[in-house]
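Structure data (CSV, C-alpha atoms) from start-v4.csv:
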```
chain,number,residue,atom,x,y,z
D,1,MET,CA,70.4,34.0,24.4
D,2,ARG,CA,69.5,35.6,27.6
D,3,ARG,CA,70.0,39.3,27.9
D,4,PHE,CA,70.6,41.2,31.1
D,5,PRO,CA,68.4,44.2,31.8
D,6,PHE,CA,71.5,46.3,32.3
D,7,GLN,CA,74.4,46.3,29.9
D,8,PHE,CA,77.8,47.6,30.7
D,9,SER,CA,78.4,50.9,29.2
D,10,LEU,CA,80.6,53.9,29.9
D,11,ALA,CA,77.5,55.9,30.9
D,12,SER,CA,76.5,53.4,33.6
D,13,LEU,CA,80.1,53.3,34.9
D,14,LEU,CA,80.1,57.1,35.2
D,15,LEU,CA,76.8,57.0,37.0
D,16,VAL,CA,78.0,54.5,39.5
D,17,MET,CA,81.2,56.4,40.1
D,18,THR,CA,79.2,59.6,40.6
D,19,LEU,CA,77.0,58.0,43.1
D,20,VAL,CA,80.0,56.5,45.0
D,21,CYS,CA,81.7,60.0,45.1
D,22,LEU,CA,78.5,61.7,46.3
D,23,ALA,CA,78.0,59.2,49.0
D,24,THR,CA,81.6,59.6,50.2
D,25,ALA,CA,81.4,63.4,50.1
D,26,LEU,CA,78.1,63.2,52.2
D,27,VAL,CA,79.7,60.9,54.8
D,28,LEU,CA,82.8,63.1,55.1
D,29,SER,CA,80.8,66.3,55.3
D,30,HIS,CA,78.6,64.8,58.0
D,31,ARG,CA,81.7,63.9,60.0
D,32,LYS,CA,83.2,67.3,59.6
D,33,ILE,CA,80.0,69.1,60.7
D,34,SER,CA,79.7,66.8,63.7
D,35,GLN,CA,83.3,67.6,64.7
D,36,LEU,CA,82.6,71.4,64.3
D,37,GLU,CA,79.5,71.1,66.5
D,38,ARG,CA,81.5,69.4,69.2
D,39,ASP,CA,84.3,72.1,68.9
D,40,ILE,CA,81.7,74.9,69.2
D,41,ALA,CA,80.1,73.3,72.3
D,42,GLN,CA,83.5,72.8,73.9
D,43,THR,CA,84.5,76.5,73.1
D,44,LYS,CA,81.2,77.7,74.7
D,45,GLY,CA,82.0,75.7,77.8
D,46,GLU,CA,85.5,77.1,78.0
D,47,LEU,CA,84.3,80.7,77.5
D,48,ALA,CA,81.7,80.2,80.3
D,49,ALA,CA,84.5,79.0,82.5
D,50,PHE,CA,86.3,82.3,82.0
D,51,GLN,CA,83.3,84.3,83.1
D,52,PRO,CA,83.5,84.8,86.9
D,53,LEU,CA,79.7,85.1,87.4
D,54,SER,CA,77.0,83.7,85.3
D,55,ALA,CA,74.8,86.2,83.5
D,56,LYS,CA,71.8,85.0,85.5
D,57,GLU,CA,73.6,85.6,88.8
D,58,VAL,CA,74.7,89.1,87.7
D,59,ALA,CA,71.1,89.9,86.7
D,60,ARG,CA,69.7,88.5,90.0
D,61,GLN,CA,72.1,90.5,92.2
D,62,PHE,CA,71.7,93.6,90.0
D,63,LYS,CA,67.9,93.5,90.3
D,64,ASN,CA,68.0,92.9,94.0
D,65,ARG,CA,70.3,95.9,94.6
D,66,THR,CA,68.5,98.3,92.3
D,67,THR,CA,64.9,97.5,93.3
D,68,LEU,CA,64.1,100.0,96.0
D,69,GLY,CA,60.6,100.2,97.5
D,70,PRO,CA,58.1,100.8,94.7
D,71,LEU,CA,60.8,101.1,92.1
D,72,VAL,CA,61.3,97.7,90.5
D,73,THR,CA,64.1,97.1,87.9
D,74,THR,CA,64.0,94.5,85.2
D,75,VAL,CA,67.3,93.3,83.7
D,76,LYS,CA,67.0,93.0,79.9
D,77,ASP,CA,70.5,91.8,79.0
D,78,VAL,CA,73.9,91.0,80.6
D,79,ARG,CA,77.1,90.8,78.6
D,80,TYR,CA,80.6,89.9,79.8
D,81,SER,CA,83.9,91.3,78.3
D,82,PRO,CA,86.8,89.1,79.1
D,83,VAL,CA,89.2,91.7,77.6
D,84,ASP,CA,88.1,94.4,80.1
D,85,ASP,CA,86.8,92.1,82.8
D,86,THR,CA,83.5,94.0,82.8
D,87,TYR,CA,79.8,93.3,82.6
D,88,LYS,CA,77.4,95.5,80.6
D,89,VAL,CA,73.9,95.4,82.2
D,90,LYS,CA,70.9,96.7,80.3
D,91,PHE,CA,67.9,97.3,82.5
D,92,SER,CA,64.6,99.1,82.7
D,93,TRP,CA,62.2,100.3,85.4
D,94,VAL,CA,58.8,101.9,85.8
D,95,ASP,CA,58.9,105.3,87.5
D,96,PRO,CA,56.5,104.8,90.5
D,97,THR,CA,55.2,108.4,90.3
D,98,THR,CA,54.7,108.9,86.5
D,99,LYS,CA,54.2,105.2,85.6
D,100,GLN,CA,56.6,105.8,82.6
D,101,THR,CA,59.0,103.0,81.6
D,102,TRP,CA,62.6,104.0,81.3
D,103,SER,CA,65.7,102.0,80.3
D,104,THR,CA,69.5,102.4,80.3
D,105,ASP,CA,72.6,100.4,80.7
D,106,THR,CA,75.7,100.5,82.9
D,107,ILE,CA,79.1,99.0,83.0
D,108,LEU,CA,80.2,97.0,86.1
D,109,THR,CA,84.0,96.9,86.3
D,110,GLY,CA,85.9,94.1,88.1
D,111,ASP,CA,88.2,94.7,91.0
D,112,GLY,CA,90.2,91.6,90.3
D,113,TYR,CA,88.8,89.8,93.4
D,114,GLY,CA,85.3,88.8,92.1
D,115,ALA,CA,83.4,92.0,92.8
D,116,TYR,CA,82.0,94.2,90.0
D,117,SER,CA,80.8,97.8,90.6
D,118,GLY,CA,79.5,100.6,88.5
D,119,LYS,CA,77.6,103.8,88.6
D,120,ILE,CA,74.2,104.5,87.2
D,121,ARG,CA,74.0,108.0,86.0
D,122,SER,CA,70.7,108.0,84.2
D,123,GLY,CA,68.8,111.1,85.3
D,124,PRO,CA,65.3,109.5,85.5
D,125,PHE,CA,66.8,106.6,87.6
D,126,ILE,CA,68.6,109.0,89.9
D,127,THR,CA,65.4,111.0,90.4
D,128,ALA,CA,63.3,107.9,91.0
D,129,VAL,CA,65.7,106.5,93.7
D,130,GLY,CA,66.3,110.0,95.3
D,131,ALA,CA,70.1,109.9,94.8
D,132,LYS,CA,72.2,113.0,94.3
D,133,ASP,CA,74.4,112.5,91.2
D,134,THR,CA,75.0,108.7,90.8
D,135,PHE,CA,73.7,105.5,92.2
D,136,PHE,CA,76.4,102.9,93.0
D,137,VAL,CA,75.7,99.2,92.3
D,138,TYR,CA,77.8,96.1,92.7
D,139,VAL,CA,77.6,92.4,92.3
D,140,GLU,CA,80.0,89.8,93.7
D,141,ALA,CA,81.1,86.2,93.4
D,142,PRO,CA,80.6,84.2,96.6
D,143,SER,CA,83.7,83.8,98.7
D,144,SER,CA,85.5,80.6,98.5
D,145,PHE,CA,86.8,81.0,102.1
D,146,LYS,CA,85.0,78.7,104.6
D,147,PRO,CA,86.2,79.1,108.2
```

Translate this structure into structure tokens?
Amino acid sequence: MRRFPFQFSLASLLLVMTLVCLATALVLSHRKISQLERDIAQTKGELAAFQPLSAKEVARQFKNRTTLGPLVTTVKDVRYSPVDDTYKVKFSWVDPTTKQTWSTDTILTGDGYGAYSGKIRSGPFITAVGAKDTFFVYVEAPSSFKP
């Protein structure tokens, strides 16, 4: 009589069922994770669409408008608040006379037409640029009007 290496038993049935269930759970989990990753990518794209100017564009314009002569600013971070329609810009600069590095932040508030303006009230910055009390800065979206 010939014997098979594996005999049917309740333990082997449970083992096969466990492996099938684990494989099914793995496939379903992978599909769910893939769907969530697609949803996150889509949400990021939608949020970027609500942001009137890209963070890089705000940083570029801010740096260009606050770099005056020997005083060079460096933008460290730009954050957009869709609730308030504002940008928070963190920046630093090196005082040309003392060679000391300073940093602060400012809020740029939207006017509803694609321009954002704010006041820099940091004492060291005001002194370095030679302003009186505040230094006004603005950034703007390009006009869509083409004559």

**Asked** At a cut-off of 12 Å from (69.7, 105.8, 87.0) in the coordinates of the file, what residues are picked up using all atoms listed in the file, written as a PyMOL selection string?
**Response** chain D and resi 66-67+71+73+90-95+102-106+118-137

Once 4 Å is added on each side, what are the centre and the three edge lengths, in Å to one decimal, of the axis-aligned box enclosing the listed atoms of segment 96-109 of chain D? Present them as JSON.
```
{"center_x": 69.1, "center_y": 102.9, "center_z": 85.4, "size_x": 37.8, "size_y": 20.0, "size_z": 18.2}
```

**Request:** Write out as a PyMOL selection string each polymer residue whose atoms come within 12 Å of segment 110-114 of chain D, counting all atoms listed in the file; drop sequence neighbours fewer than 2 positions from it.
**Result:** chain D and resi 51-54+58+80-88+107-108+116-118+138-144

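We find atom CA of Pro70 of chain D and atom CA of Gln100 of chain D to be spaced 13.2 Å apart.
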
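You will find atom CA of Asn64 of chain D at 23.7 Å from atom CA of Phe145 of chain D.
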
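Here atom CA of Thr74 of chain D is placed at a distance of 17.2 Å from atom CA of Thr97 of chain D.
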